[in-house]
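Chemist: Contents of upload-v3.txt (compact mmCIF, C-alpha atoms) are below:
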```
# COMPACT_ATOMS: atom_id res chain seq x y z
CA MET A 1 -0.54 -20.11 12.09
CA ARG A 2 1.03 -17.11 10.36
CA TYR A 3 -0.18 -15.74 7.02
CA VAL A 4 0.68 -12.79 4.79
CA VAL A 5 -2.07 -11.02 2.84
CA ILE A 6 -0.96 -8.63 0.09
CA MET A 7 -3.30 -5.77 -0.77
CA ALA A 8 -2.95 -5.29 -4.53
CA GLY A 9 -6.03 -3.31 -5.47
CA GLY A 10 -6.37 0.26 -6.65
CA SER A 11 -5.66 1.86 -9.98
CA GLY A 12 -2.65 4.02 -9.10
CA THR A 13 -4.14 7.16 -10.64
CA ARG A 14 -1.21 9.37 -9.58
CA LEU A 15 1.06 7.38 -11.91
CA TRP A 16 -1.13 8.01 -14.97
CA PRO A 17 -0.56 7.35 -17.82
CA LEU A 18 1.90 4.62 -16.84
CA SER A 19 -0.73 3.18 -14.53
CA ARG A 20 -4.21 2.92 -16.02
CA GLN A 21 -7.40 1.02 -15.28
CA GLY A 22 -6.26 -2.03 -17.22
CA THR A 23 -2.64 -1.87 -16.03
CA PRO A 24 -2.45 -0.65 -12.41
CA LYS A 25 0.90 0.38 -10.97
CA GLN A 26 1.36 -2.70 -8.79
CA LEU A 27 1.47 -4.91 -11.91
CA LEU A 28 3.93 -2.79 -13.91
CA PRO A 29 7.63 -3.78 -14.09
CA LEU A 30 8.81 -0.59 -12.41
CA VAL A 31 11.81 -1.83 -10.39
CA ASN A 32 14.59 -3.68 -12.18
CA GLY A 33 12.09 -5.44 -14.43
CA LYS A 34 9.94 -6.61 -11.53
CA SER A 35 6.49 -5.46 -10.54
CA LEU A 36 5.76 -4.03 -7.11
CA LEU A 37 3.47 -7.02 -6.55
CA ARG A 38 6.29 -9.44 -7.31
CA LEU A 39 8.58 -7.62 -4.89
CA ALA A 40 5.90 -7.75 -2.17
CA PHE A 41 5.45 -11.50 -2.76
CA GLU A 42 9.19 -12.13 -2.50
CA ARG A 43 9.27 -10.18 0.79
CA ALA A 44 6.38 -12.29 2.06
CA LEU A 45 8.30 -15.49 1.30
CA ALA A 46 10.94 -14.39 3.79
CA SER A 47 8.29 -14.89 6.50
CA VAL A 48 5.89 -17.62 5.35
CA PRO A 49 5.73 -20.27 2.61
CA ALA A 50 3.89 -19.54 -0.64
CA GLU A 51 0.81 -21.54 0.37
CA ARG A 52 0.26 -19.10 3.26
CA VAL A 53 0.45 -15.98 1.10
CA TRP A 54 -2.85 -14.51 -0.10
CA VAL A 55 -3.55 -11.60 -2.45
CA VAL A 56 -6.57 -9.29 -2.49
CA THR A 57 -6.94 -7.54 -5.84
CA GLY A 58 -9.51 -6.36 -8.33
CA ALA A 59 -11.31 -9.24 -10.03
CA ALA A 60 -10.19 -7.85 -13.39
CA TYR A 61 -6.54 -8.30 -12.37
CA ALA A 62 -6.78 -11.79 -10.87
CA ASP A 63 -5.46 -13.56 -13.98
CA VAL A 64 -2.46 -11.22 -14.25
CA VAL A 65 -1.72 -11.73 -10.55
CA ALA A 66 -1.76 -15.50 -11.11
CA GLU A 67 0.60 -15.11 -14.08
CA GLN A 68 3.08 -13.05 -12.07
CA LEU A 69 2.91 -15.23 -8.95
CA THR A 70 3.03 -18.74 -10.36
CA GLU A 71 4.00 -20.17 -6.95
CA LEU A 72 0.75 -18.94 -5.41
CA PRO A 73 -2.15 -21.43 -5.08
CA ALA A 74 -5.03 -20.26 -7.30
CA GLY A 75 -7.45 -20.28 -4.40
CA ASN A 76 -5.32 -17.75 -2.54
CA ILE A 77 -6.33 -14.88 -4.85
CA LEU A 78 -9.39 -12.94 -3.72
CA GLY A 79 -10.80 -10.79 -6.52
CA GLU A 80 -12.96 -7.83 -5.49
CA PRO A 81 -15.78 -7.25 -8.01
CA VAL A 82 -15.70 -3.52 -7.08
CA GLY A 83 -13.39 -1.46 -4.91
CA ARG A 84 -14.75 -0.86 -1.38
CA ASP A 85 -11.64 0.73 0.19
CA SER A 86 -9.04 -0.76 2.49
CA LEU A 87 -11.24 -1.79 5.42
CA ASN A 88 -13.01 -4.42 3.36
CA ALA A 89 -9.76 -5.42 1.67
CA VAL A 90 -8.46 -6.51 5.09
CA ALA A 91 -11.72 -7.75 6.62
CA TRP A 92 -12.60 -10.14 3.80
CA PRO A 93 -9.37 -12.20 3.94
CA ALA A 94 -9.51 -12.10 7.75
CA ALA A 95 -12.95 -13.70 7.68
CA VAL A 96 -11.89 -16.27 5.07
CA LEU A 97 -8.74 -17.23 6.97
CA HIS A 98 -10.56 -17.32 10.32
CA ARG A 99 -12.91 -19.95 8.90
CA LEU A 100 -9.94 -21.99 7.65
CA ASP A 101 -7.81 -21.46 10.78
CA PRO A 102 -9.38 -19.92 13.91
CA ASP A 103 -5.87 -19.16 15.20
CA ALA A 104 -4.77 -17.33 12.05
CA VAL A 105 -2.39 -14.39 12.58
CA ILE A 106 -2.20 -12.15 9.53
CA ALA A 107 0.39 -9.69 8.28
CA GLN A 108 -1.50 -7.30 6.01
CA VAL A 109 1.02 -5.72 3.62
CA SER A 110 0.85 -3.50 0.57
CA ALA A 111 1.85 -4.14 -3.03
CA ASP A 112 2.79 -0.53 -3.80
CA GLN A 113 5.88 -0.16 -1.65
CA VAL A 114 9.61 -0.69 -2.08
CA ILE A 115 11.28 -1.87 1.14
CA GLU A 116 14.96 -2.62 1.67
CA PRO A 117 16.71 -4.55 3.08
CA VAL A 118 14.28 -7.47 3.00
CA GLU A 119 15.94 -9.27 5.91
CA VAL A 120 15.37 -6.30 8.22
CA PHE A 121 11.74 -6.12 7.13
CA ALA A 122 11.33 -9.85 7.81
CA ALA A 123 12.83 -9.48 11.30
CA CYS A 124 10.46 -6.61 12.13
CA LEU A 125 7.52 -8.60 10.79
CA ASP A 126 8.55 -11.49 13.02
CA THR A 127 8.43 -9.16 16.04
CA ALA A 128 4.99 -7.90 15.02
CA PHE A 129 3.74 -11.48 14.64
CA ALA A 130 5.06 -12.27 18.12
CA VAL A 131 3.28 -9.24 19.63
CA ALA A 132 -0.02 -10.29 18.04
CA GLU A 133 0.41 -13.90 19.12
CA ALA A 134 1.06 -12.82 22.72
CA ASP A 135 -1.96 -10.51 23.02
CA PRO A 136 -5.39 -11.55 21.64
CA ASP A 137 -6.69 -7.96 21.67
CA VAL A 138 -3.86 -6.05 20.00
CA LEU A 139 -3.79 -4.59 16.51
CA VAL A 140 -0.20 -4.00 15.41
CA THR A 141 0.88 -1.47 12.81
CA LEU A 142 4.35 -1.11 11.33
CA GLY A 143 5.86 2.34 11.86
CA VAL A 144 8.61 3.42 9.50
CA VAL A 145 11.37 5.30 11.30
CA PRO A 146 11.31 8.68 9.49
CA THR A 147 14.36 10.11 7.76
CA SER A 148 12.85 13.47 6.79
CA PRO A 149 9.87 15.70 7.66
CA HIS A 150 7.78 14.20 4.87
CA THR A 151 4.41 15.87 4.33
CA GLY A 152 2.95 13.15 2.13
CA TYR A 153 2.67 10.45 4.81
CA GLY A 154 0.47 9.95 7.84
CA TYR A 155 2.21 9.57 11.21
CA LEU A 156 1.94 7.47 14.38
CA HIS A 157 2.53 9.00 17.81
CA ARG A 158 4.16 6.26 19.82
CA GLY A 159 3.87 5.84 23.56
CA GLU A 160 5.54 3.60 26.11
CA PRO A 161 7.50 0.54 24.96
CA LEU A 162 6.01 -2.95 25.18
CA ALA A 163 7.99 -5.08 27.61
CA GLY A 164 9.71 -8.04 26.01
CA PHE A 165 9.48 -6.85 22.40
CA ALA A 166 12.33 -4.79 21.00
CA GLY A 167 11.12 -1.83 18.95
CA ALA A 168 7.46 -2.25 19.93
CA HIS A 169 5.42 0.56 21.50
CA ARG A 170 1.87 1.50 22.32
CA VAL A 171 0.27 3.88 19.82
CA LEU A 172 -1.17 7.05 21.33
CA LYS A 173 -2.78 8.40 18.18
CA PHE A 174 -2.73 8.50 14.41
CA ALA A 175 -1.89 11.83 12.76
CA GLU A 176 -2.95 12.92 9.27
CA LYS A 177 -0.52 14.16 6.62
CA PRO A 178 0.96 17.26 8.29
CA ALA A 179 2.01 20.71 7.16
CA ARG A 180 5.77 21.16 6.77
CA GLU A 181 6.35 22.84 10.12
CA VAL A 182 4.29 20.19 11.92
CA ALA A 183 6.25 17.41 10.20
CA GLU A 184 9.49 19.07 11.27
CA GLY A 185 8.22 19.06 14.86
CA TYR A 186 7.33 15.39 14.62
CA LEU A 187 10.80 14.54 13.37
CA ALA A 188 12.54 16.64 16.04
CA SER A 189 10.54 15.04 18.86
CA GLY A 190 11.61 11.51 17.96
CA GLU A 191 8.16 10.31 19.05
CA TYR A 192 6.57 9.88 15.63
CA TRP A 193 6.88 7.25 12.94
CA TRP A 194 5.52 7.22 9.42
CA ASN A 195 2.33 5.19 9.10
CA SER A 196 3.26 2.44 6.64
CA GLY A 197 -0.30 1.18 6.14
CA MET A 198 0.84 -2.36 7.03
CA PHE A 199 -0.61 -4.30 9.94
CA VAL A 200 -0.35 -7.55 11.88
CA TRP A 201 -3.25 -8.98 13.89
CA ARG A 202 -5.07 -12.12 14.81
CA ALA A 203 -7.95 -12.57 12.39
CA SER A 204 -10.23 -12.90 15.40
CA ALA A 205 -9.00 -9.58 16.87
CA LEU A 206 -9.75 -7.62 13.71
CA LEU A 207 -13.15 -9.26 13.31
CA ASN A 208 -14.04 -8.52 16.93
CA GLU A 209 -13.31 -4.82 16.43
CA LEU A 210 -15.25 -4.84 13.17
CA ARG A 211 -18.24 -6.37 14.95
CA LEU A 212 -18.17 -3.61 17.59
CA LEU A 213 -17.45 -0.63 15.36
CA LEU A 214 -19.10 -1.53 12.05
CA PRO A 215 -21.60 -4.32 12.76
CA ALA A 216 -23.25 -4.16 9.33
CA ASN A 217 -19.91 -4.72 7.60
CA HIS A 218 -19.12 -7.53 10.03
CA ALA A 219 -22.40 -9.30 9.27
CA SER A 220 -21.88 -9.01 5.53
CA ILE A 221 -18.22 -10.06 5.61
CA THR A 222 -19.11 -13.07 7.77
CA ALA A 223 -21.87 -14.06 5.35
CA LEU A 224 -19.45 -13.70 2.43
CA ALA A 225 -16.86 -15.95 4.08
CA GLU A 226 -19.57 -18.57 4.65
CA HIS A 227 -21.05 -18.20 1.16
CA PRO A 228 -18.32 -17.18 -1.33
CA GLU A 229 -20.70 -17.85 -4.20
CA ARG A 230 -22.56 -14.67 -3.13
CA LEU A 231 -19.53 -12.44 -3.75
CA ASP A 232 -21.11 -10.33 -6.51
CA GLU A 233 -24.22 -9.87 -4.39
CA ILE A 234 -22.61 -9.03 -1.04
CA PHE A 235 -19.37 -7.18 -1.75
CA PRO A 236 -20.84 -4.13 -3.52
CA THR A 237 -23.13 -3.49 -0.52
CA LEU A 238 -20.27 -3.09 1.98
CA ALA A 239 -19.88 0.37 3.52
CA LYS A 240 -16.82 1.96 1.94
CA THR A 241 -14.17 3.26 4.33
CA SER A 242 -10.47 2.90 5.08
CA VAL A 243 -9.08 0.60 7.74
CA ASP A 244 -7.49 3.61 9.45
CA TYR A 245 -10.76 5.53 9.78
CA GLY A 246 -12.93 2.50 10.39
CA ILE A 247 -10.80 0.51 12.82
CA MET A 248 -7.31 1.69 13.73
CA GLU A 249 -8.02 5.28 14.75
CA PRO A 250 -11.15 4.47 16.80
CA VAL A 251 -9.40 1.59 18.59
CA SER A 252 -6.38 3.79 19.35
CA THR A 253 -8.71 6.26 21.13
CA GLY A 254 -10.45 3.59 23.20
CA GLN A 255 -13.62 3.21 21.14
CA GLY A 256 -13.17 -0.50 20.52
CA ASN A 257 -12.35 -3.43 22.73
CA GLY A 258 -8.65 -3.73 21.95
CA HIS A 259 -5.63 -1.47 21.65
CA VAL A 260 -3.03 -0.52 19.05
CA ALA A 261 0.71 -1.14 19.11
CA ALA A 262 3.44 -0.32 16.60
CA VAL A 263 6.70 -2.03 15.70
CA ALA A 264 9.56 0.07 14.38
CA LEU A 265 10.53 -0.47 10.76
CA PRO A 266 14.07 0.98 10.34
CA VAL A 267 14.32 0.40 6.59
CA GLN A 268 14.50 2.25 3.30
CA TRP A 269 10.80 2.58 2.59
CA ARG A 270 9.11 4.17 -0.38
CA ASP A 271 5.39 4.25 -0.88
CA VAL A 272 5.19 4.43 -4.67
CA GLY A 273 2.18 6.69 -4.78
CA GLY A 274 3.32 9.09 -7.48
CA TYR A 275 6.15 10.34 -9.65
CA ALA A 276 8.15 11.88 -6.80
CA SER A 277 8.55 8.49 -5.13
CA LEU A 278 9.15 6.78 -8.48
CA ALA A 279 11.94 9.27 -9.14
CA GLU A 280 13.60 8.25 -5.86
CA ILE A 281 13.60 4.65 -7.03
CA LEU A 282 14.94 5.48 -10.49
CA GLY A 283 17.75 7.66 -9.15
CA THR A 284 19.13 10.65 -11.03
CA ASP A 285 21.76 11.34 -13.67
CA THR A 286 24.43 14.04 -13.60
CA ALA A 287 21.80 16.68 -14.47
CA ASP A 288 19.50 15.50 -11.67
CA ASN A 289 17.03 14.02 -14.14
CA ALA A 290 15.28 10.77 -13.13
CA VAL A 291 14.97 8.83 -16.38
CA SER A 292 13.42 5.58 -17.54
CA GLY A 293 13.38 4.69 -21.22
CA LEU A 294 14.90 6.48 -24.21
CA SER A 295 15.26 10.23 -23.83
CA VAL A 296 17.72 12.97 -24.74
CA SER A 297 18.17 16.14 -22.68
CA VAL A 298 20.03 19.35 -23.51
CA ASP A 299 20.31 21.97 -20.80
CA ALA A 300 17.46 20.21 -18.96
CA THR A 301 17.70 19.54 -15.23
CA ASP A 302 15.69 18.18 -12.33
CA ASN A 303 13.04 16.46 -14.46
CA VAL A 304 11.28 13.10 -14.24
CA VAL A 305 11.23 11.51 -17.69
CA VAL A 306 9.58 8.17 -18.38
CA ASN A 307 9.33 6.80 -21.92
CA ALA A 308 7.21 3.64 -22.11
CA ASP A 309 6.62 3.92 -25.87
CA PRO A 310 8.99 1.54 -27.69
CA GLY A 311 10.51 3.02 -30.81
CA SER A 312 10.07 6.63 -29.69
CA VAL A 313 12.34 9.17 -28.03
CA ILE A 314 11.57 12.03 -25.65
CA GLY A 315 13.61 15.21 -26.17
CA LEU A 316 13.94 17.86 -23.46
CA LEU A 317 15.51 21.24 -24.17
CA GLY A 318 16.10 23.99 -21.64
CA VAL A 319 13.44 22.92 -19.14
CA SER A 320 13.50 21.97 -15.48
CA GLY A 321 11.11 20.76 -12.80
CA LEU A 322 8.87 18.82 -15.19
CA VAL A 323 7.32 15.38 -15.21
CA VAL A 324 7.17 14.03 -18.79
CA VAL A 325 5.68 10.60 -19.37
CA ARG A 326 4.96 8.99 -22.72
CA THR A 327 3.04 5.78 -23.43
CA PRO A 328 1.55 4.55 -26.71
CA GLU A 329 -1.89 5.80 -25.64
CA ALA A 330 -1.23 9.01 -23.72
CA THR A 331 1.38 11.63 -22.85
CA LEU A 332 1.72 13.60 -19.62
CA VAL A 333 3.51 16.91 -19.22
CA ALA A 334 3.25 18.54 -15.79
CA ARG A 335 5.23 20.65 -13.40
CA ALA A 336 6.70 18.40 -10.73
CA GLU A 337 5.04 20.55 -8.06
CA ASP A 338 1.64 19.68 -9.56
CA ALA A 339 2.23 15.92 -9.77
CA GLU A 340 -0.02 15.27 -6.78
CA ARG A 341 -2.91 16.75 -8.80
CA ILE A 342 -2.80 14.11 -11.52
CA LYS A 343 -6.08 12.64 -10.27
CA GLU A 344 -7.75 15.89 -11.37
CA LEU A 345 -6.26 15.51 -14.83
CA VAL A 346 -7.37 11.88 -15.12
CA ALA A 347 -10.93 12.93 -14.28
CA ALA A 348 -10.77 15.60 -16.98
CA VAL A 349 -9.29 13.15 -19.50
CA THR A 350 -12.07 10.69 -18.75
CA ALA A 351 -14.74 13.34 -19.26
CA GLU A 352 -13.28 15.01 -22.34
CA ALA A 353 -11.30 12.33 -24.18
CA GLY A 354 -13.07 9.19 -23.01
CA PRO A 355 -12.64 6.48 -20.35
CA GLN A 356 -10.49 4.41 -22.69
CA PHE A 357 -7.62 6.80 -21.95
CA ALA A 358 -8.01 6.76 -18.16
```
What do you get writing this file as C-alpha cells?
Modeler:
Amino acid sequence: MRYVVIMAGGSGTRLWPLSRQGTPKQLLPLVNGKSLLRLAFERALASVPAERVWVVTGAAYADVVAEQLTELPAGNILGEPVGRDSLNAVAWPAAVLHRLDPDAVIAQVSADQVIEPVEVFAACLDTAFAVAEADPDVLVTLGVVPTSPHTGYGYLHRGEPLAGFAGAHRVLKFAEKPAREVAEGYLASGEYWWNSGMFVWRASALLNELRLLLPANHASITALAEHPERLDEIFPTLAKTSVDYGIMEPVSTGQGNGHVAAVALPVQWRDVGGYASLAEILGTDTADNAVSGLSVSVDATDNVVVNADPGSVIGLLGVSGLVVVRTPEATLVARAEDAERIKELVAAVTAEAGPQFA
C-alpha cells in the first residue's frame, strides 16, 4: 500500500527571526495564510487518503502539527525527542510502517517546499510509486527540472531512461552545491536535475540498505519500531547523518545492494530555506521590493521586508539590497548577499543575548 511521510522537523534557522525554536518555519503561515506543512499535507492528499499520511516532527511541535492537520489520525505523528538528521527521520517511519504493512511503499516528502501545480506533482509521484512497486531494490528520488544555474541546490546526474516509465532515469551520481560556472555547465548539458530531497521507496528496500550500510542504526531503529515506549532511550543514541550521505550517495556508487533512480519533476519548485526563496514566493512591487506586512519605502529598491509585529511599521529610506525583518522579539537587518550567513548570527545571538531569542 502507498503512504506519504512528511518530514517537518528542523528549526529553519536561516529564516530567523521569523522562524525560531518555538515556531519553526514549516508551521508559520507564510503562503497565503497557510503554513508550509499544511501545503505539504494538501499535496499528499492528492496521492493518498489522510489515514495514510504520516508526519515526522520534533516532539515539541507535535501538538501544533495536530492542530494544523485535524484530518490526520493522532497516531500518525511521530515526534522526535531530539533531532538526529534526515536519515533517522526517514528510517524511523519506514520501520514503523514496515511492521504495520510489510508491503508499504513510502513517498518521503518535505514540509519546507512550495510546489506548483499540485496535479503535476501528484502525477510525478504516481510514476515514482510505480517505479518502486515494480523494483524491490530501487530507491527513487525526485529530480526537479532546473530553470537556472542555481548554486544553492544539490544536483543529480541522470543516466539512461528506465523502460516503461516516462521521465524516469537511472542516477549516475549526486553532486554537491556547485560553483556558478559548474552550475552553468550542468544546466547546459541537460543531464542534471536539482536534488529535491524527496524520495519514494519500499520500506523494506530502505531498511535493507540501512542494514548493510549502517547496521547499528538499523538495529536501533528496528528495536524502536518494536518498542515505541523506548523512544526517549533509543532515539538520542542514533548516529546522526543525512539520508543523502548515509544511504543515497553510497547506493548510487554501488556500495549497497540496490540502485538509485530519479523521476523528473517539471514544476515550479521552491525550497524555502531562506529569505531569497521567501522573496520569490512573496513576489515584488514596482520598486523590486518583496514585502510582507506593513512597511513604507522611499527611494528604496530590491529589498526583502517582512513585518510580523502587529501595530508597527517598517520604514526604508534610500537603501537597497537589504533584508529587514521585524518580530515582537527580534529584528534582523542584513545585506541580502549575507542572508545565507544568518546561522552565524543566530549562534551569536544565543551566546550574547540568550537562547530565548534564538
Chemist: Counting all atoms listed in the file, which residue out of A:Thr301, A:Asn76, A:Ser277, A:Thr23 sits closest to A:Val53?
Modeler: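 With all atoms listed in the file as the atom set, the closest residue is A:Asn76.
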Chemist: Could you check the closest approach to A:Ala336 for each of A:Pro136, A:Gly321, A:Gly315, A:Gly167 and tell me which residue wins, using only C-alpha atoms?
Modeler: A:Gly321
Chemist: Within 12 Å of (-13.0, 1.6, 17.0), in the coordinates the file gives, what residues turn up when you count only C-alpha atoms, written out as a compact mmCIF listing (two decimals) with C-alpha atoms, keeping the file's coordinate frame?
Modeler:
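What follows is the written file out.txt:
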```txt
# COMPACT_ATOMS: atom_id res chain seq x y z
CA LEU A 139 -3.79 -4.59 16.51
CA ALA A 205 -9.00 -9.58 16.87
CA LEU A 206 -9.75 -7.62 13.71
CA LEU A 207 -13.15 -9.26 13.31
CA ASN A 208 -14.04 -8.52 16.93
CA GLU A 209 -13.31 -4.82 16.43
CA LEU A 210 -15.25 -4.84 13.17
CA ARG A 211 -18.24 -6.37 14.95
CA LEU A 212 -18.17 -3.61 17.59
CA LEU A 213 -17.45 -0.63 15.36
CA LEU A 214 -19.10 -1.53 12.05
CA PRO A 215 -21.60 -4.32 12.76
CA VAL A 243 -9.08 0.60 7.74
CA ASP A 244 -7.49 3.61 9.45
CA TYR A 245 -10.76 5.53 9.78
CA GLY A 246 -12.93 2.50 10.39
CA ILE A 247 -10.80 0.51 12.82
CA MET A 248 -7.31 1.69 13.73
CA GLU A 249 -8.02 5.28 14.75
CA PRO A 250 -11.15 4.47 16.80
CA VAL A 251 -9.40 1.59 18.59
CA SER A 252 -6.38 3.79 19.35
CA THR A 253 -8.71 6.26 21.13
CA GLY A 254 -10.45 3.59 23.20
CA GLN A 255 -13.62 3.21 21.14
CA GLY A 256 -13.17 -0.50 20.52
CA ASN A 257 -12.35 -3.43 22.73
CA GLY A 258 -8.65 -3.73 21.95
CA HIS A 259 -5.63 -1.47 21.65
CA VAL A 260 -3.03 -0.52 19.05
```
Chemist: As an exercise, work out the distance from atom CA of A:Ser19 to atom CA of A:Gln113 in Å and give it to one decimal place.
Modeler: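 Between atom CA of A:Ser19 and atom CA of A:Gln113 the gap works out to 14.9 Å.
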Chemist: Record the distance separating atom CA of A:His227 and atom CA of A:Ser242, expressed in Å with one decimal.
Modeler: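 Atom CA of A:Ser242 lies at a distance of 23.9 Å from atom CA of A:His227.
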Chemist: Supply stretch 124-137 of chain A as a tab-separated table (two decimals), keeping the file's coordinate frame, with N, CA and C atoms built in where the input has gaps.
Modeler:
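Result file follows (selection.tsv):
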```
chain	number	residue	atom	x	y	z
A	124	CYS	N	11.47	-7.46	11.50
A	124	CYS	CA	10.46	-6.61	12.13
A	124	CYS	C	9.08	-7.26	12.06
A	125	LEU	N	8.80	-7.91	10.93
A	125	LEU	CA	7.52	-8.60	10.79
A	125	LEU	C	7.43	-9.74	11.79
A	126	ASP	N	8.53	-10.41	12.03
A	126	ASP	CA	8.55	-11.49	13.02
A	126	ASP	C	8.21	-10.95	14.41
A	127	THR	N	8.76	-9.78	14.76
A	127	THR	CA	8.43	-9.16	16.04
A	127	THR	C	6.95	-8.82	16.11
A	128	ALA	N	6.41	-8.25	15.03
A	128	ALA	CA	4.99	-7.90	15.02
A	128	ALA	C	4.10	-9.13	15.15
A	129	PHE	N	4.48	-10.21	14.47
A	129	PHE	CA	3.74	-11.48	14.64
A	129	PHE	C	3.76	-11.91	16.11
A	130	ALA	N	4.93	-11.83	16.73
A	130	ALA	CA	5.06	-12.27	18.12
A	130	ALA	C	4.20	-11.42	19.06
A	131	VAL	N	4.13	-10.11	18.81
A	131	VAL	CA	3.28	-9.24	19.63
A	131	VAL	C	1.82	-9.66	19.50
A	132	ALA	N	1.37	-9.90	18.27
A	132	ALA	CA	-0.02	-10.29	18.04
A	132	ALA	C	-0.33	-11.66	18.62
A	133	GLU	N	0.63	-12.56	18.56
A	133	GLU	CA	0.41	-13.90	19.12
A	133	GLU	C	0.34	-13.86	20.64
A	134	ALA	N	1.03	-12.90	21.26
A	134	ALA	CA	1.06	-12.82	22.72
A	134	ALA	C	-0.15	-12.11	23.31
A	135	ASP	N	-0.87	-11.33	22.51
A	135	ASP	CA	-1.96	-10.51	23.02
A	135	ASP	C	-3.17	-10.66	22.09
A	136	PRO	N	-4.25	-11.31	22.52
A	136	PRO	CA	-5.39	-11.55	21.64
A	136	PRO	C	-6.19	-10.30	21.28
A	137	ASP	N	-5.91	-9.17	21.92
A	137	ASP	CA	-6.69	-7.96	21.67
A	137	ASP	C	-5.91	-6.86	20.97
```
